[in-house]
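Q: Sending over final.pdb (PDB, C-alpha atoms).
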ATOM      1  CA  MET A   1      28.017  16.047   8.870
ATOM      2  CA  ARG A   2      27.336  12.431   9.740
ATOM      3  CA  ASN A   3      23.563  13.075   9.818
ATOM      4  CA  LEU A   4      23.728  14.610   6.329
ATOM      5  CA  LEU A   5      25.502  11.514   5.026
ATOM      6  CA  ILE A   6      22.852   9.225   6.554
ATOM      7  CA  ILE A   7      20.026  11.335   5.090
ATOM      8  CA  ALA A   8      21.685  11.308   1.658
ATOM      9  CA  LEU A   9      22.082   7.521   1.727
ATOM     10  CA  LEU A  10      18.463   7.018   2.823
ATOM     11  CA  SER A  11      17.240   9.331   0.063
ATOM     12  CA  LEU A  12      19.278   7.412  -2.500
ATOM     13  CA  CYS A  13      17.843   4.085  -1.291
ATOM     14  CA  LEU A  14      14.270   5.350  -1.287
ATOM     15  CA  GLY A  15      14.683   6.944  -4.712
ATOM     16  CA  SER A  16      15.737   3.618  -6.208
ATOM     17  CA  CYS A  17      12.428   2.092  -5.038
ATOM     18  CA  LEU A  18      10.329   4.438  -7.169
ATOM     19  CA  PRO A  19       8.718   2.951 -10.297
ATOM     20  CA  GLY A  20      10.008   4.054 -13.687
ATOM     21  CA  HIS A  21       8.256   6.885 -15.513
ATOM     22  CA  ASN A  22       6.854   4.388 -18.037
ATOM     23  CA  ASP A  23       5.764   1.667 -15.585
ATOM     24  CA  TYR A  24       2.030   1.090 -15.149
ATOM     25  CA  SER A  25      -0.221  -0.886 -12.841
ATOM     26  CA  ASP A  26      -4.012  -0.888 -12.564
ATOM     27  CA  TYR A  27      -6.654  -3.198 -11.142
ATOM     28  CA  LYS A  28     -10.380  -3.083 -11.925
ATOM     29  CA  GLN A  29     -13.056  -4.250  -9.526
ATOM     30  CA  LEU A  30     -15.432  -6.783 -11.113
ATOM     31  CA  PRO A  31     -19.181  -6.789 -10.389
ATOM     32  CA  VAL A  32     -20.231  -8.562  -7.193
ATOM     33  CA  ASP A  33     -22.726 -10.714  -9.109
ATOM     34  CA  GLY A  34     -19.999 -11.980 -11.478
ATOM     35  CA  TRP A  35     -18.010 -11.198 -14.618
ATOM     36  CA  ALA A  36     -20.247 -11.434 -17.703
ATOM     37  CA  TYR A  37     -18.829 -13.140 -20.824
ATOM     38  CA  ASN A  38     -19.486 -10.115 -23.055
ATOM     39  CA  ASP A  39     -18.100  -7.562 -20.569
ATOM     40  CA  PRO A  40     -14.410  -6.936 -21.342
ATOM     41  CA  VAL A  41     -12.216  -5.040 -18.903
ATOM     42  CA  THR A  42     -10.289  -2.255 -20.645
ATOM     43  CA  PHE A  43      -6.975  -0.726 -19.573
ATOM     44  CA  ASN A  44      -5.387   2.318 -21.235
ATOM     45  CA  ILE A  45      -1.714   1.977 -20.395
ATOM     46  CA  THR A  46      -0.086   5.395 -20.225
ATOM     47  CA  GLY A  47       3.426   6.659 -19.722
ATOM     48  CA  GLU A  48       5.677   9.544 -20.594
ATOM     49  CA  ASP A  49       7.003   7.969 -23.794
ATOM     50  CA  SER A  50       4.713   7.093 -26.695
ATOM     51  CA  ILE A  51       6.168   3.620 -27.465
ATOM     52  CA  VAL A  52       8.014   1.521 -24.882
ATOM     53  CA  ASP A  53       9.104  -2.131 -24.711
ATOM     54  CA  GLY A  54       8.644  -4.091 -21.511
ATOM     55  CA  THR A  55       6.956  -6.939 -19.674
ATOM     56  CA  LEU A  56       3.178  -7.237 -19.382
ATOM     57  CA  SER A  57       1.757  -9.212 -16.455
ATOM     58  CA  LEU A  58      -1.745 -10.185 -15.409
ATOM     59  CA  GLY A  59      -2.968  -9.860 -11.841
ATOM     60  CA  LEU A  60      -6.025 -11.639 -10.423
ATOM     61  CA  ARG A  61      -7.680 -11.424  -7.042
ATOM     62  CA  HIS A  62     -10.088 -14.246  -6.324
ATOM     63  CA  SER A  63     -11.827 -16.023  -3.498
ATOM     64  CA  ASN A  64     -12.307 -19.652  -2.538
ATOM     65  CA  ALA A  65     -15.654 -19.373  -4.332
ATOM     66  CA  TYR A  66     -13.896 -19.609  -7.713
ATOM     67  CA  PRO A  67     -15.088 -23.055  -8.877
ATOM     68  CA  TYR A  68     -12.361 -23.968 -11.419
ATOM     69  CA  SER A  69      -8.637 -24.768 -11.409
ATOM     70  CA  VAL A  70      -7.956 -22.745 -14.592
ATOM     71  CA  LEU A  71      -9.085 -19.463 -16.089
ATOM     72  CA  TYR A  72      -9.212 -18.870 -19.837
ATOM     73  CA  LEU A  73      -8.913 -15.253 -20.906
ATOM     74  CA  GLU A  74      -8.736 -13.443 -24.215
ATOM     75  CA  ILE A  75      -6.439 -10.443 -24.430
ATOM     76  CA  ALA A  76      -6.724  -7.907 -27.262
ATOM     77  CA  TYR A  77      -4.102  -5.247 -27.976
ATOM     78  CA  GLU A  78      -2.689  -3.254 -30.887
ATOM     79  CA  ASP A  79       0.855  -3.316 -32.227
ATOM     80  CA  THR A  80       2.775  -0.370 -33.685
ATOM     81  CA  THR A  81       1.184  -0.875 -37.122
ATOM     82  CA  GLY A  82      -2.349  -0.593 -35.713
ATOM     83  CA  THR A  83      -3.060  -4.308 -36.122
ATOM     84  CA  THR A  84      -5.183  -5.786 -33.325
ATOM     85  CA  HIS A  85      -3.916  -9.028 -31.839
ATOM     86  CA  LEU A  86      -6.069 -11.544 -29.957
ATOM     87  CA  ASP A  87      -4.323 -14.048 -27.704
ATOM     88  CA  THR A  88      -5.756 -16.740 -25.468
ATOM     89  CA  LEU A  89      -4.367 -17.064 -21.958
ATOM     90  CA  ASN A  90      -4.602 -20.275 -19.945
ATOM     91  CA  ILE A  91      -4.055 -19.261 -16.321
ATOM     92  CA  LYS A  92      -3.512 -22.158 -13.932
ATOM     93  CA  MET A  93      -5.235 -21.104 -10.717
ATOM     94  CA  ALA A  94      -4.807 -24.298  -8.670
ATOM     95  CA  ASP A  95      -2.813 -27.522  -8.711
ATOM     96  CA  ASN A  96      -4.278 -31.029  -9.138
ATOM     97  CA  TYR A  97      -5.092 -31.157  -5.419
ATOM     98  CA  GLY A  98      -7.045 -27.894  -5.382
ATOM     99  CA  ARG A  99      -4.344 -25.772  -3.729
ATOM    100  CA  TRP A 100      -4.383 -22.220  -5.068
ATOM    101  CA  HIS A 101      -1.229 -20.975  -6.796
ATOM    102  CA  GLY A 102      -1.823 -17.409  -5.629
ATOM    103  CA  LYS A 103      -0.754 -15.912  -2.329
ATOM    104  CA  GLY A 104      -3.300 -14.965   0.276
ATOM    105  CA  VAL A 105      -4.763 -15.158   3.714
ATOM    106  CA  GLY A 106      -8.011 -16.892   4.552
ATOM    107  CA  THR A 107     -10.290 -17.137   1.535
ATOM    108  CA  ASP A 108      -8.787 -14.359  -0.646
ATOM    109  CA  PHE A 109      -5.875 -14.891  -3.006
ATOM    110  CA  GLN A 110      -3.821 -12.891  -5.494
ATOM    111  CA  LEU A 111      -2.069 -14.406  -8.481
ATOM    112  CA  VAL A 112       0.326 -12.580 -10.821
ATOM    113  CA  ASP A 113       1.370 -14.237 -14.083
ATOM    114  CA  THR A 114       3.605 -12.902 -16.867
ATOM    115  CA  ILE A 115       1.770 -12.558 -20.163
ATOM    116  CA  ASN A 116       4.492 -11.250 -22.473
ATOM    117  CA  THR A 117       8.135 -10.349 -21.779
ATOM    118  CA  ARG A 118       8.493  -8.557 -25.141
ATOM    119  CA  PHE A 119       5.369  -6.401 -25.099
ATOM    120  CA  THR A 120       5.380  -3.019 -26.865
ATOM    121  CA  ARG A 121       3.238  -0.497 -25.059
ATOM    122  CA  ILE A 122       1.709   2.208 -27.218
ATOM    123  CA  ASN A 123       0.583   5.206 -25.189
ATOM    124  CA  ASN A 124      -3.201   5.126 -24.581
ATOM    125  CA  ALA A 125      -3.755   2.087 -26.843
ATOM    126  CA  PRO A 126      -6.349  -0.070 -25.068
ATOM    127  CA  VAL A 127      -5.630  -3.531 -23.702
ATOM    128  CA  ARG A 128      -8.832  -5.547 -23.255
ATOM    129  CA  LEU A 129      -9.335  -8.670 -21.178
ATOM    130  CA  ARG A 130     -12.418 -10.878 -21.133
ATOM    131  CA  HIS A 131     -13.044 -14.338 -19.797
ATOM    132  CA  ILE A 132     -13.781 -17.077 -22.315
ATOM    133  CA  MET A 133     -14.952 -19.749 -19.918
ATOM    134  CA  ARG A 134     -17.957 -21.939 -20.794
ATOM    135  CA  VAL A 135     -20.274 -19.997 -18.497
ATOM    136  CA  ASP A 136     -22.029 -16.721 -19.190
ATOM    137  CA  THR A 137     -21.250 -15.187 -15.800
ATOM    138  CA  LEU A 138     -18.055 -16.119 -13.990
ATOM    139  CA  ARG A 139     -18.101 -15.925 -10.199
ATOM    140  CA  GLY A 140     -15.245 -15.879  -7.708
ATOM    141  CA  ILE A 141     -12.931 -13.426  -9.492
ATOM    142  CA  ASP A 142     -12.976 -10.137  -7.562
ATOM    143  CA  MET A 143     -10.445  -8.007  -9.451
ATOM    144  CA  VAL A 144      -8.405  -8.201 -12.618
ATOM    145  CA  GLY A 145      -5.407  -6.059 -13.407
ATOM    146  CA  ILE A 146      -2.359  -5.600 -15.556
ATOM    147  CA  GLU A 147       1.150  -4.446 -14.812
ATOM    148  CA  PHE A 148       3.620  -3.099 -17.353
ATOM    149  CA  ILE A 149       7.306  -2.803 -16.408
ATOM    150  CA  GLN A 150       9.574  -1.027 -18.887
ATOM    151  CA  ASN A 151      12.716  -2.917 -19.928
ATOM    152  CA  LYS A 152      15.783  -1.252 -18.463
TER     153      LYS A 152
END
What would you get if you wrote out this structure as structure tokens?

A:
Amino acid sequence: MRNLLIIALLSLCLGSCLPGHNDYSDYKQLPVDGWAYNDPVTFNITGEDSIVDGTLSLGLRHSNAYPYSVLYLEIAYEDTTGTTHLDTLNIKMADNYGRWHGKGVGTDFQLVDTINTRFTRINNAPVRLRHIMRVDTLRGIDMVGIEFIQNK
């Protein structure tokens, strides 16, 4: 009887760790030779419900080879009326002394930054990210991703 109670409690704890049925996370590997200016990264956020409100976050994995302290991105997404929105993101990658804001070991770092806490996800509507730095090909960014967490 005691073993059954322990198993039930463990199952309850593990079940609460599962993501919601409308949560989403995806990372895309960028080319080894760099991220071209005209090469947007597209995510098709999916979930069980067609329209869901939540928080949208950006994830970046980069190396010490990234030569700047900021990253400017353009994000494009549609709202419920079908209107496409373009927003500019200013991601602070390092402080004034060159210390990376992201967490990591050695020369690789990961940074997660909230984009929008009141984002409406439309099932399969694309979210596009592209860099808008003053170089044609951006080096030092290894992966870019987005995370969507449904409001509870």

Q: For A:Val112, please output as a list in words all residues within 9 Å (counting all atoms listed in the file; exclusion window: fewer than 5 positions along the same chain).

A: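 Listed by chain and then number, they are Ser57, Leu58, Gly59, Leu60, Arg61, Gly102 and Ile146 of chain A.
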
Q: So which residues are close to (-14.6, -11.3, -16.3), meaning at most 9 Å away in the file's coordinates with all atoms listed in the file counted, and can you show them as a ChimeraX atom specification?

A: /A:30-31,34-41,73,129-132,137-139,141-144

Q: Could you check which of A:Pro126, A:Ala94, A:Asp49, A:Gln150 is closest to A:Ile75, using only C-alpha atoms?

A: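 Nearest candidate to A:Ile75 out of A:Pro126, A:Ala94, A:Asp49, A:Gln150: A:Pro126.
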
Q: What gap, in Å, lies between atom CA of A:Phe148 and atom CA of A:Arg121?

A: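 Separation of atom CA of A:Phe148 and atom CA of A:Arg121: 8.1 Å.
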
Q: As an exercise, work out the distance from atom CA of A:Ile51 to atom CA of A:Thr81 in Å and give it to one decimal place.

A: 11.8 Å

Q: I need the residue set behind the PyMOL selection byres ((chain A and resi 151) around 9) for this file; please write it as a PyMOL selection string.

A: chain A and resi 52-55+117-118+149-150+152

Q: Nearest residue to A:Asn124 out of A:Asn64, A:Ile45, A:Tyr27, A:Asp108, using all atoms listed in the file?

A: A:Ile45

Q: Please, what distance in Å, to one decimal, runs between atom CA of A:Ala125 and atom CA of A:Leu89?

A: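 Pair atom CA of A:Ala125 / atom CA of A:Leu89 returns 19.8 Å.
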
Q: For each of A:Ser69, A:Thr107, A:Asn44, A:Asn116, take the minimum atom-to-atom distance to A:Asp95, counting only C-alpha atoms, then give the residue where this is smallest.

A: A:Ser69

Q: Using the chain letters and numbers from this file, what does the PyMOL selection byres ((chain A and resi 78) around 10) select? Give the answer as a PyMOL selection string.

A: chain A and resi 76-77+79-86+120-122+125-127

Q: Let me know the centre plus edge lengths, in Å and rounded to one decimal, of a box with edges along x, y and z that contains all listed atoms of stretch 37-46 of chain A and is padded by 5 Å on every side, as JSON.

A:
{"center_x": -9.8, "center_y": -3.9, "center_z": -21.0, "size_x": 29.4, "size_y": 28.5, "size_z": 14.2}

Q: Which is closer to A:Gly106 than all the others in A:Ser50, A:Thr42, A:Gln29, A:Ser63, using all atoms listed in the file?

A: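 The shortest atom-to-atom distance to A:Gly106 comes from A:Ser63.
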
Q: Selected by the PyMOL selection byres ((chain A and resi 68) around 12) in the shown coordinates: which residues, as a PyMOL selection string?

A: chain A and resi 62-67+69-72+91-100+133-135+138-141
